[in-house]
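Okay, so here's the structure we're looking at.
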Amino acid sequence: MSELHDILSEHVGGDGCAPGAVGLVSRGGRVEVAAVGSADVEGSAPMARDSLFRIASLTKPIVAAAVLALVDDGRIALDAPVREWLPELASPTVVRTPASPVDDVVPAARPITVEDLLTFRAGYGFPADFSLPAVKPLFTELLQGPPQPQAVAAPDAWVAALGRIPLLHQPGEAWLYNACSDIQGVLIARVSGLPLSEFLAERLFGPLGMTDTGFAVPAADLGRFTGYYRAGAAGSGGLELVDARDGQWSTPPAFPSGAGGLVSTADDLHAFARMLLAGGTLDGRSVLSPHSVRQMTTDHLTRAQREASTLFLEGQGWGFGGAVDVAVVDPWNVPGRFGWVGGTGTAAHIVPSTGTATILLTQLELTGPSPLPTRMRDFWRWAANV
């Protein structure tokens, strides 16, 4: 057994632990992969390298890359107002203060741009305080939060509802989590004239060989799909099933969530990571321009915006679709490391300076945006010293 296998095994199979995990670490031409435990609590199948997971917010960097593909094509520009393609957001209002009622609003000082969506500074999303009046409609009307693909309205209805919700901050003013990735998904579909799933397949998944990535699992592949769990009630020592193999991801959703709707495998995510590390090209196929990759993996936040976003970012920066390490706050932090975590228990990062990619996939829901669980931190500490 490998060291990686041993690290993962420490956090699998016990009370309150994930049933299984897949970890992958690559640097240069060397790739190490370990699959431990089971695909579900019943132990019906051993975890395997090609097991399928709900990757949740690891969807975000993939969708950001799709937006940048359209920028590379010249079909949109980073400084372009999104109102041309999203007229529902043409005249947004902003609550007078973040704590103001949703009907105490002022006009937005300027239009929302494509770059605002990519940097999560459009004014929509989650702050540290979820109880603010303008945040509540994101849960009640848009069903933002834990992925629930079969419950969300189709894109046109969803963005129409979004247009009736005021911004929490003026465009460009503050970093807010999650909602901007779902808006990006709608933007991609309208600019390209294709459903989001088709555009991703054409521009990213096909060229990168990501054959197992999508918004639903085909019936023939359900045997490789993992269960999805959260920690049971205090003192129960067990896990609560959130979604079974034949559950919400067994059929395509009406709303393909750019914030958290994809399923994937360790090798598919590794292909995406390798493309970013290679400056936008994989095995001779160009997916993004080197300039777009640099923009994607560079921090765009001000110091004040980083410091105000510690609930999610833990003091780190934000590129397009993922966090960027700007300070060493743990042994595994490396300045310039880019990537993100998913609420279903997933994580994927690259370190451009060392050519390293790290991917960890589990089936156990995170208990909150921070602090991150020990299993992730132990995995990163080990990977940083391989």
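Chains: A, B, ... in order of the structure tokens. Residues: from 1 per chain. Ligands: from 1, in order shown.
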
Residues at most 6 Å from Glu365 of chain A, counting only C-alpha atoms, excluding those fewer than 5 positions away in the same chain, as a PDB file with N, CA, C and O atoms, in the first residue's frame?
ATOM      1  N   ARG A 230     -24.317  13.012   4.742  1.00  0.00           N
ATOM      2  CA  ARG A 230     -23.913  14.011   5.718  1.00  0.00           C
ATOM      3  C   ARG A 230     -23.853  13.349   7.085  1.00  0.00           C
ATOM      4  O   ARG A 230     -24.430  12.274   7.290  1.00  0.00           O
ATOM      5  N   GLY A 343     -18.837  21.366  -1.504  1.00  0.00           N
ATOM      6  CA  GLY A 343     -19.571  21.061  -0.288  1.00  0.00           C
ATOM      7  C   GLY A 343     -19.929  19.598  -0.125  1.00  0.00           C
ATOM      8  O   GLY A 343     -20.324  19.174   0.969  1.00  0.00           O
ATOM      9  N   THR A 344     -19.810  18.812  -1.184  1.00  0.00           N
ATOM     10  CA  THR A 344     -20.064  17.374  -1.087  1.00  0.00           C
ATOM     11  C   THR A 344     -18.835  16.593  -0.623  1.00  0.00           C
ATOM     12  O   THR A 344     -18.868  15.362  -0.579  1.00  0.00           O
ATOM     13  N   GLY A 345     -17.751  17.312  -0.291  1.00  0.00           N
ATOM     14  CA  GLY A 345     -16.555  16.645   0.209  1.00  0.00           C
ATOM     15  C   GLY A 345     -15.469  16.464  -0.818  1.00  0.00           C
ATOM     16  O   GLY A 345     -14.730  15.468  -0.784  1.00  0.00           O
TER      17      GLY A 345
END

Check your understanding: Could you write out, as a PyMOL selection string, all the residues of segment 224-331 of chain A that DSSP marks as strand (DSSP E or B)?
Key -> chain A and resi 225+228-231+239-243+263-264+281-282+285-286+317-318+323-324

Residues of segment 300-372 of chain A that have any atom at most 9 Å from an atom of segment 118-121 of chain A: could you tabulate them with the shortest-distance atom pair and the distance in Å to one decimal, using only C-alpha atoms, ordered by chain and increasing number, as a Markdown table?
| residue | atom | partner | partner_atom | distance |
| --- | --- | --- | --- | --- |
| A:His300 | CA | A:Thr119 | CA | 6.8 |
| A:Leu301 | CA | A:Thr119 | CA | 7.7 |
| A:Trp318 | CA | A:Thr119 | CA | 6.8 |
| A:Gly319 | CA | A:Thr119 | CA | 6.3 |
| A:Phe320 | CA | A:Leu118 | CA | 5.0 |
| A:Gly321 | CA | A:Leu118 | CA | 6.5 |

Output all heavy atoms of each residue in that selection to a file, as an mmCIF file, in the first residue's frame.
data_model
loop_
_atom_site.group_PDB
_atom_site.id
_atom_site.type_symbol
_atom_site.label_atom_id
_atom_site.label_comp_id
_atom_site.auth_asym_id
_atom_site.auth_seq_id
_atom_site.Cartn_x
_atom_site.Cartn_y
_atom_site.Cartn_z
ATOM 1 N N HIS A 300 -7.711 38.502 -7.942
ATOM 2 C CA HIS A 300 -8.254 39.772 -8.417
ATOM 3 C C HIS A 300 -8.857 40.618 -7.297
ATOM 4 O O HIS A 300 -9.393 41.698 -7.568
ATOM 5 C CB HIS A 300 -9.343 39.510 -9.472
ATOM 6 C CG HIS A 300 -8.821 38.899 -10.732
ATOM 7 N ND1 HIS A 300 -8.319 39.635 -11.778
ATOM 8 C CD2 HIS A 300 -8.695 37.602 -11.101
ATOM 9 C CE1 HIS A 300 -7.920 38.825 -12.744
ATOM 10 N NE2 HIS A 300 -8.137 37.585 -12.352
ATOM 11 N N LEU A 301 -8.780 40.164 -6.059
ATOM 12 C CA LEU A 301 -9.419 40.874 -4.960
ATOM 13 C C LEU A 301 -8.479 41.899 -4.335
ATOM 14 O O LEU A 301 -7.255 41.731 -4.338
ATOM 15 C CB LEU A 301 -9.880 39.900 -3.879
ATOM 16 C CG LEU A 301 -10.835 38.784 -4.305
ATOM 17 C CD1 LEU A 301 -11.331 38.024 -3.080
ATOM 18 C CD2 LEU A 301 -12.004 39.323 -5.104
ATOM 19 N N TRP A 318 -9.028 35.352 -4.787
ATOM 20 C CA TRP A 318 -9.952 34.699 -5.710
ATOM 21 C C TRP A 318 -9.569 35.051 -7.137
ATOM 22 O O TRP A 318 -9.365 36.217 -7.480
ATOM 23 C CB TRP A 318 -11.387 35.148 -5.435
ATOM 24 C CG TRP A 318 -12.431 34.371 -6.182
ATOM 25 C CD1 TRP A 318 -13.130 34.788 -7.290
ATOM 26 C CD2 TRP A 318 -12.926 33.061 -5.870
ATOM 27 N NE1 TRP A 318 -14.014 33.807 -7.694
ATOM 28 C CE2 TRP A 318 -13.920 32.731 -6.835
ATOM 29 C CE3 TRP A 318 -12.618 32.130 -4.884
ATOM 30 C CZ2 TRP A 318 -14.592 31.517 -6.824
ATOM 31 C CZ3 TRP A 318 -13.304 30.923 -4.878
ATOM 32 C CH2 TRP A 318 -14.273 30.624 -5.838
ATOM 33 N N GLY A 319 -9.463 34.033 -7.958
ATOM 34 C CA GLY A 319 -9.211 34.245 -9.379
ATOM 35 C C GLY A 319 -10.521 34.234 -10.123
ATOM 36 O O GLY A 319 -11.442 34.962 -9.806
ATOM 37 N N PHE A 320 -10.633 33.408 -11.159
ATOM 38 C CA PHE A 320 -11.901 33.182 -11.849
ATOM 39 C C PHE A 320 -12.318 31.742 -11.553
ATOM 40 O O PHE A 320 -11.736 30.792 -12.086
ATOM 41 C CB PHE A 320 -11.767 33.374 -13.353
ATOM 42 C CG PHE A 320 -11.451 34.778 -13.797
ATOM 43 C CD1 PHE A 320 -10.959 35.008 -15.080
ATOM 44 C CD2 PHE A 320 -11.634 35.866 -12.966
ATOM 45 C CE1 PHE A 320 -10.664 36.284 -15.517
ATOM 46 C CE2 PHE A 320 -11.336 37.162 -13.393
ATOM 47 C CZ PHE A 320 -10.846 37.366 -14.675
ATOM 48 N N GLY A 321 -13.273 31.541 -10.660
ATOM 49 C CA GLY A 321 -13.785 30.208 -10.359
ATOM 50 C C GLY A 321 -13.060 29.465 -9.267
ATOM 51 O O GLY A 321 -13.415 28.318 -8.974
#

Practice item. May I ask which of the residues A:Asp6, A:Asp299, A:Asp243, A:Asp104 is the closest one to Ala323 of chain A, counting only C-alpha atoms? Key: A:Asp299

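The interatomic distance for the pair atom CA of Tyr228 of chain A and atom CA of Phe53 of chain A works out to 8.3 Å.
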
**Study point:** Residues of segment 178-262 of chain A in alpha helix (DSSP H), written as a PyMOL selection string
**Key:** chain A and resi 179-192+196-200+206-208

Using the selection just defined, write its residues with N, CA and C atoms as a tab-separated table (two decimals), in the first residue's frame.
chain	number	residue	atom	x	y	z
A	179	ALA	N	-23.52	32.59	-6.19
A	179	ALA	CA	-24.55	32.89	-7.19
A	179	ALA	C	-23.96	33.25	-8.55
A	180	CYS	N	-22.80	33.92	-8.57
A	180	CYS	CA	-22.25	34.36	-9.84
A	180	CYS	C	-21.91	33.20	-10.77
A	181	SER	N	-21.57	32.03	-10.22
A	181	SER	CA	-21.28	30.89	-11.09
A	181	SER	C	-22.54	30.39	-11.79
A	182	ASP	N	-23.67	30.39	-11.09
A	182	ASP	CA	-24.92	30.01	-11.75
A	182	ASP	C	-25.29	31.01	-12.84
A	183	ILE	N	-25.04	32.30	-12.58
A	183	ILE	CA	-25.31	33.32	-13.60
A	183	ILE	C	-24.40	33.10	-14.80
A	184	GLN	N	-23.14	32.74	-14.55
A	184	GLN	CA	-22.22	32.44	-15.65
A	184	GLN	C	-22.76	31.33	-16.54
A	185	GLY	N	-23.36	30.31	-15.92
A	185	GLY	CA	-23.91	29.21	-16.71
A	185	GLY	C	-25.00	29.67	-17.66
A	186	VAL	N	-25.87	30.55	-17.18
A	186	VAL	CA	-26.93	31.09	-18.04
A	186	VAL	C	-26.32	31.97	-19.13
A	187	LEU	N	-25.32	32.77	-18.76
A	187	LEU	CA	-24.65	33.64	-19.73
A	187	LEU	C	-24.03	32.81	-20.86
A	188	ILE	N	-23.34	31.73	-20.51
A	188	ILE	CA	-22.70	30.88	-21.53
A	188	ILE	C	-23.73	30.37	-22.52
A	189	ALA	N	-24.86	29.89	-22.01
A	189	ALA	CA	-25.89	29.34	-22.88
A	189	ALA	C	-26.44	30.41	-23.82
A	190	ARG	N	-26.66	31.60	-23.31
A	190	ARG	CA	-27.25	32.64	-24.16
A	190	ARG	C	-26.25	33.18	-25.18
A	191	VAL	N	-25.00	33.32	-24.81
A	191	VAL	CA	-24.01	33.81	-25.76
A	191	VAL	C	-23.74	32.78	-26.85
A	192	SER	N	-23.62	31.52	-26.44
A	192	SER	CA	-23.27	30.47	-27.39
A	192	SER	C	-24.45	29.96	-28.20
A	196	LEU	N	-25.99	24.81	-21.67
A	196	LEU	CA	-24.70	24.78	-21.00
A	196	LEU	C	-24.03	23.43	-21.12
A	197	SER	N	-24.79	22.35	-20.95
A	197	SER	CA	-24.19	21.02	-21.02
A	197	SER	C	-23.55	20.76	-22.38
A	198	GLU	N	-24.20	21.21	-23.45
A	198	GLU	CA	-23.65	20.99	-24.79
A	198	GLU	C	-22.41	21.83	-25.04
A	199	PHE	N	-22.42	23.08	-24.56
A	199	PHE	CA	-21.24	23.92	-24.76
A	199	PHE	C	-20.04	23.36	-24.01
A	200	LEU	N	-20.26	22.93	-22.77
A	200	LEU	CA	-19.16	22.35	-22.01
A	200	LEU	C	-18.61	21.10	-22.70
A	206	GLY	N	-14.97	17.38	-24.44
A	206	GLY	CA	-14.52	16.63	-25.60
A	206	GLY	C	-13.03	16.78	-25.84
A	207	PRO	N	-12.54	18.01	-26.00
A	207	PRO	CA	-11.10	18.20	-26.24
A	207	PRO	C	-10.20	17.66	-25.12
A	208	LEU	N	-10.70	17.69	-23.87
A	208	LEU	CA	-9.88	17.24	-22.74
A	208	LEU	C	-10.06	15.76	-22.42

Check your understanding: What's the 9 Å shell around Leu276 of chain A, counting only C-alpha atoms, without same-chain residues fewer than 5 positions away, as a list in words?
Key -> Ala271, Thr281, Leu282, Leu288, Pro290, Val293, Arg294, Thr297, Ile350 and Pro352 of chain A

Point to revise | Contact residues around segment 366-375 of chain A with only C-alpha atoms at 10 Å, ignoring same-chain residues under 3 positions, as a count of residues only | key: 29

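Here atom CA of Leu70 of chain A and atom CA of Ala259 of chain A stand 18.1 Å from one another.
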